[in-house]
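To start, the structure under review is shown below, and the notes come after it.
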Amino acid sequence: MNFLEIFNNTFWQNLIENPWLLVIHALDIGIVTYLIYRLIKALAGTKIMSLIQGVILFVLLRLVAEWIGLTTITYLMNQVITYGVIAAVVIFVPEIRAALEKFGRTTQVFRQRPQQSKDEKLVESLLKAVAYMGPRKIGALISIEQTQTLQEYIATGISLDADISSELLINIFIPNTPLHDGAVIIRDDKIITACSYLPLTDSMGISKEFGTRHRAAIGLSENSDALTVVVSEETGGVSIAVRGEFMHDLTKENFESVLRAELIQTDRTDVTWIQKILGRKK
């Protein structure tokens, strides 16, 4: 269909007389719009995106020139578009190859393969971080927000809003670094703050062997339903405080068991291939 046909009365009359044709055109436009959106989203931030922006501007100028009736300019722009595609393929061979390889690695779209959930990623990151920090006696205090907000304590820390990873957690608590003192607070799948101050417990029944980190973890568990992980700087022992209960010197197996029981939801279903195509998340 020629672009200028949309200004033709016959074109609109045919649409009105044939509703099915209108549906077909709407579906056609919808599919193309969605594919363009997914393409732009995938290429955002890459070198090739600047080229695409230039191409879009060039095509718009070509349409304007055709509409005005600038025949010579339209002809020249058509030639540029025709041979420009070939030039773009030659220039951006590495980027195109990388994109095709990435597409080839994701052809399992029709397999019912479960994706790693946010909770699984959180548990895995905590396990790896504690496995590194415990033997090296790197003290740590990590609180995971549950149903009750920790905004009061988040406001006392230094904002990070970073994706969760074991490497980042380890680096935060390396001694003598600016962020190692205080607590890390995690909300959903983000490390929201570091250096946050937590309330200390007033309980007199806490053993003298436990320091400020342990008392802060217990104090937070008494004031909210958050789960707090503590790595002792003196012994390297791992403890968890949740809902007023304090479990200390946990083995690796017990630590993982408690994390999975408290943090991982059990009523999730696998992501279907339709959800994968549409880009939906859990």
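In the structure tokens, chains take the letters A, B, ... in the order shown, each chain's residues start at 1, and ligands count up from 1 in the order shown.
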Neighbours of Thr235 of chain A within 9 Å (only C-alpha atoms; same-chain residues fewer than 5 positions away dropped), as a short mmCIF file (atom, residue, chain, number, x, y, z; two decimals) with C-alpha atoms, in the first residue's frame?
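The resulting file, selection_7.cif, is shown below:
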```cif
data_model
loop_
_atom_site.label_atom_id
_atom_site.label_comp_id
_atom_site.auth_asym_id
_atom_site.auth_seq_id
_atom_site.Cartn_x
_atom_site.Cartn_y
_atom_site.Cartn_z
CA GLY A 134 32.04 -16.67 56.99
CA PRO A 135 35.44 -18.42 56.71
CA LYS A 137 35.34 -13.56 59.38
#
```
Report as a ChimeraX atom specification: the residues of segment 131-183 of chain A with a DSSP assignment of helix (DSSP H, G or I), based on the backbone of this structure.
/A:131-133,151-154,166-172
Q. Which is closest to Glu152 of chain A among A:Gly211, A:Gly236, A:Pro199, A:Pro94, if we use only C-alpha atoms?
A.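 Comparing A:Gly211, A:Gly236, A:Pro199, A:Pro94 against Glu152 of chain A, the winner is A:Pro199.
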**OP:** For Glu256 of chain A, please output as JSON, numbers by chain all residues within 8 Å (counting only C-alpha atoms; exclusion window: fewer than 3 positions along the same chain).
**Re:** {"A": [123, 127, 252, 253, 259, 260]}
Correct to one decimal, the distance atom CA of Ala155 of chain A-atom CA of Val230 of chain A is 20.8 Å
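Using only C-alpha atoms, the shortest contact distance between Ser203 of chain A and any of A:Ile172, A:Gly182, A:Ala65, A:Gly244 is found at A:Gly244.
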*Would you please extract all strand (DSSP E or B) residues from segment 201-266 of chain A, as assigned by DSSP on the backbone, and give them as a list in words?*
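Strand (DSSP E or B) members of segment 201-266 of chain A, listed: Leu227, Thr228, Val229, Val230, Val231, Val238, Ser239, Ile240, Ala241, Val242, Glu245, Phe246 and Met247 of chain A.
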Here atom CA of Tyr83 of chain A and atom CA of Thr33 of chain A stand apart by 24.9 Å
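Residue nearest Phe58 of chain A within the list A:Leu70, A:Ile81, A:Gln148, A:Gly237: A:Ile81 [criterion: smallest interatomic distance, only C-alpha atoms].
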Which residues come within 10 Å of Phe255 of chain A, counting only C-alpha atoms, excluding same-chain residues fewer than 5 positions away, as a PyMOL selection string? chain A and resi 126-127+130+229+238-240+247-250+260
Export, as a PDB file, in the first residue's frame, the selected residues with N, CA and C atoms.
```pdb
ATOM      1  N   LEU A 126      22.668 -14.844  48.704  1.00  0.00           N
ATOM      2  CA  LEU A 126      22.980 -14.878  50.138  1.00  0.00           C
ATOM      3  C   LEU A 126      23.880 -16.065  50.474  1.00  0.00           C
ATOM      4  N   LEU A 127      23.590 -17.216  49.899  1.00  0.00           N
ATOM      5  CA  LEU A 127      24.402 -18.408  50.175  1.00  0.00           C
ATOM      6  C   LEU A 127      25.848 -18.206  49.726  1.00  0.00           C
ATOM      7  N   VAL A 130      27.623 -15.438  51.997  1.00  0.00           N
ATOM      8  CA  VAL A 130      27.936 -15.936  53.342  1.00  0.00           C
ATOM      9  C   VAL A 130      29.020 -17.007  53.286  1.00  0.00           C
ATOM     10  N   VAL A 229      20.101 -11.608  58.325  1.00  0.00           N
ATOM     11  CA  VAL A 229      21.247 -12.527  58.334  1.00  0.00           C
ATOM     12  C   VAL A 229      22.438 -11.808  58.957  1.00  0.00           C
ATOM     13  N   VAL A 238      27.303 -17.925  61.361  1.00  0.00           N
ATOM     14  CA  VAL A 238      26.162 -17.368  60.635  1.00  0.00           C
ATOM     15  C   VAL A 238      24.902 -17.514  61.474  1.00  0.00           C
ATOM     16  N   SER A 239      24.130 -16.435  61.587  1.00  0.00           N
ATOM     17  CA  SER A 239      22.901 -16.446  62.387  1.00  0.00           C
ATOM     18  C   SER A 239      21.765 -15.819  61.590  1.00  0.00           C
ATOM     19  N   ILE A 240      20.541 -16.162  61.979  1.00  0.00           N
ATOM     20  CA  ILE A 240      19.341 -15.588  61.371  1.00  0.00           C
ATOM     21  C   ILE A 240      18.394 -15.168  62.478  1.00  0.00           C
ATOM     22  N   MET A 247      18.358 -17.680  65.581  1.00  0.00           N
ATOM     23  CA  MET A 247      19.036 -18.955  65.318  1.00  0.00           C
ATOM     24  C   MET A 247      20.499 -18.649  65.016  1.00  0.00           C
ATOM     25  N   HIS A 248      21.393 -19.102  65.855  1.00  0.00           N
ATOM     26  CA  HIS A 248      22.804 -18.731  65.702  1.00  0.00           C
ATOM     27  C   HIS A 248      23.671 -19.944  65.398  1.00  0.00           C
ATOM     28  N   ASP A 249      24.862 -19.651  64.869  1.00  0.00           N
ATOM     29  CA  ASP A 249      25.847 -20.675  64.498  1.00  0.00           C
ATOM     30  C   ASP A 249      25.220 -21.777  63.649  1.00  0.00           C
ATOM     31  N   LEU A 250      24.547 -21.358  62.589  1.00  0.00           N
ATOM     32  CA  LEU A 250      23.893 -22.313  61.697  1.00  0.00           C
ATOM     33  C   LEU A 250      24.916 -22.977  60.776  1.00  0.00           C
ATOM     34  N   ARG A 260      15.289 -20.878  52.454  1.00  0.00           N
ATOM     35  CA  ARG A 260      14.295 -21.366  51.497  1.00  0.00           C
ATOM     36  C   ARG A 260      12.903 -21.427  52.113  1.00  0.00           C
TER      37      ARG A 260
END
```
What separates atom CA of Ser125 of chain A and atom CA of Asp163 of chain A is a distance of 10.7 Å
Test item: residues at most 12 Å from Leu122 of chain A, only C-alpha atoms, excluding those fewer than 3 positions along its chain, as an mmCIF file with N, CA and C atoms, in the first residue's frame:
```
data_model
loop_
_atom_site.group_PDB
_atom_site.id
_atom_site.type_symbol
_atom_site.label_atom_id
_atom_site.label_comp_id
_atom_site.auth_asym_id
_atom_site.auth_seq_id
_atom_site.Cartn_x
_atom_site.Cartn_y
_atom_site.Cartn_z
ATOM 1 N N GLN A 116 14.633 -18.840 36.720
ATOM 2 C CA GLN A 116 15.009 -18.611 38.106
ATOM 3 C C GLN A 116 14.229 -17.421 38.639
ATOM 4 N N SER A 117 13.527 -17.632 39.736
ATOM 5 C CA SER A 117 12.700 -16.579 40.310
ATOM 6 C C SER A 117 13.565 -15.582 41.062
ATOM 7 N N LYS A 118 12.951 -14.442 41.421
ATOM 8 C CA LYS A 118 13.649 -13.426 42.210
ATOM 9 C C LYS A 118 14.046 -13.991 43.562
ATOM 10 N N ASP A 119 13.153 -14.799 44.155
ATOM 11 C CA ASP A 119 13.450 -15.379 45.465
ATOM 12 C C ASP A 119 14.621 -16.359 45.386
ATOM 13 N N SER A 125 22.262 -15.736 46.071
ATOM 14 C CA SER A 125 23.226 -14.664 46.344
ATOM 15 C C SER A 125 23.634 -14.645 47.806
ATOM 16 N N LEU A 126 22.668 -14.844 48.704
ATOM 17 C CA LEU A 126 22.980 -14.878 50.138
ATOM 18 C C LEU A 126 23.880 -16.065 50.474
ATOM 19 N N LEU A 127 23.590 -17.216 49.899
ATOM 20 C CA LEU A 127 24.402 -18.408 50.175
ATOM 21 C C LEU A 127 25.848 -18.206 49.726
ATOM 22 N N LYS A 128 26.027 -17.664 48.516
ATOM 23 C CA LYS A 128 27.378 -17.450 47.995
ATOM 24 C C LYS A 128 28.126 -16.397 48.812
ATOM 25 N N ALA A 129 27.421 -15.318 49.169
ATOM 26 C CA ALA A 129 28.071 -14.244 49.923
ATOM 27 C C ALA A 129 28.503 -14.729 51.300
ATOM 28 N N ILE A 142 22.507 -8.237 57.059
ATOM 29 C CA ILE A 142 21.661 -8.134 55.872
ATOM 30 C C ILE A 142 20.213 -8.381 56.258
ATOM 31 N N SER A 143 19.348 -7.400 56.004
ATOM 32 C CA SER A 143 17.925 -7.530 56.340
ATOM 33 C C SER A 143 17.091 -7.576 55.067
ATOM 34 N N ILE A 144 16.156 -8.521 55.026
ATOM 35 C CA ILE A 144 15.271 -8.672 53.875
ATOM 36 C C ILE A 144 13.865 -8.264 54.278
ATOM 37 N N ASP A 163 20.882 -4.102 41.769
ATOM 38 C CA ASP A 163 20.495 -5.494 41.619
ATOM 39 C C ASP A 163 21.259 -6.361 42.618
ATOM 40 N N ILE A 164 20.592 -7.386 43.103
ATOM 41 C CA ILE A 164 21.212 -8.273 44.099
ATOM 42 C C ILE A 164 22.253 -9.172 43.438
ATOM 43 N N SER A 165 23.412 -9.248 44.060
ATOM 44 C CA SER A 165 24.443 -10.199 43.633
ATOM 45 C C SER A 165 25.338 -10.495 44.825
ATOM 46 N N SER A 166 25.884 -11.692 44.857
ATOM 47 C CA SER A 166 26.771 -12.069 45.957
ATOM 48 C C SER A 166 28.027 -11.209 45.950
ATOM 49 N N LEU A 169 27.275 -7.831 47.594
ATOM 50 C CA LEU A 169 27.133 -7.989 49.048
ATOM 51 C C LEU A 169 28.498 -8.151 49.712
ATOM 52 N N ILE A 186 17.326 -5.185 51.900
ATOM 53 C CA ILE A 186 16.895 -5.687 50.597
ATOM 54 C C ILE A 186 15.375 -5.621 50.514
ATOM 55 N N ARG A 187 14.901 -5.063 49.421
ATOM 56 C CA ARG A 187 13.454 -5.009 49.162
ATOM 57 C C ARG A 187 13.213 -5.580 47.772
ATOM 58 N N ASP A 188 12.311 -6.582 47.692
ATOM 59 C CA ASP A 188 12.029 -7.263 46.423
ATOM 60 C C ASP A 188 13.336 -7.826 45.858
ATOM 61 N N ASP A 189 13.739 -7.383 44.666
ATOM 62 C CA ASP A 189 14.965 -7.904 44.061
ATOM 63 C C ASP A 189 16.060 -6.848 43.996
ATOM 64 N N LYS A 190 16.019 -5.891 44.942
ATOM 65 C CA LYS A 190 17.001 -4.809 44.937
ATOM 66 C C LYS A 190 17.670 -4.652 46.302
ATOM 67 N N ILE A 191 18.962 -4.317 46.276
ATOM 68 C CA ILE A 191 19.645 -3.868 47.483
ATOM 69 C C ILE A 191 19.351 -2.379 47.589
ATOM 70 N N GLU A 256 20.714 -22.658 54.614
ATOM 71 C CA GLU A 256 19.992 -22.722 53.349
ATOM 72 C C GLU A 256 18.545 -23.150 53.556
ATOM 73 N N LEU A 259 16.514 -20.189 54.903
ATOM 74 C CA LEU A 259 16.302 -19.193 53.858
ATOM 75 C C LEU A 259 15.211 -19.630 52.885
ATOM 76 N N ARG A 260 15.289 -20.878 52.454
ATOM 77 C CA ARG A 260 14.295 -21.366 51.497
ATOM 78 C C ARG A 260 12.903 -21.427 52.113
ATOM 79 N N GLU A 262 11.734 -19.518 54.481
ATOM 80 C CA GLU A 262 11.213 -18.178 54.779
ATOM 81 C C GLU A 262 11.035 -17.293 53.555
ATOM 82 N N LEU A 263 11.874 -17.482 52.531
ATOM 83 C CA LEU A 263 11.907 -16.515 51.433
ATOM 84 C C LEU A 263 11.319 -17.001 50.118
ATOM 85 N N ILE A 264 11.273 -18.319 49.905
ATOM 86 C CA ILE A 264 10.837 -18.825 48.603
ATOM 87 C C ILE A 264 9.369 -19.213 48.650
#
```
TODO: Rank A:Glu145, A:Glu209, A:Arg215, A:Ala183 by their smallest atom-to-atom distance to Leu227 of chain A, using only C-alpha atoms, and report the top residue only.
DONE: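 Looking only at the distances to Leu227 of chain A, the closest residue turns out to be A:Glu145.
Each of A:Ala241, A:Ile185, A:Leu200, A:Ile56 was compared to Ala162 of chain A using only C-alpha atoms, and A:Ile185 turns out to be the nearest.
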Ranking A:Thr156, A:Thr74, A:Gln151, A:Thr212 by minimum distance to Tyr197 of chain A and counting only C-alpha atoms, which one comes first?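 Going through A:Thr156, A:Thr74, A:Gln151, A:Thr212 one by one, the smallest distance to Tyr197 of chain A is for A:Thr156.
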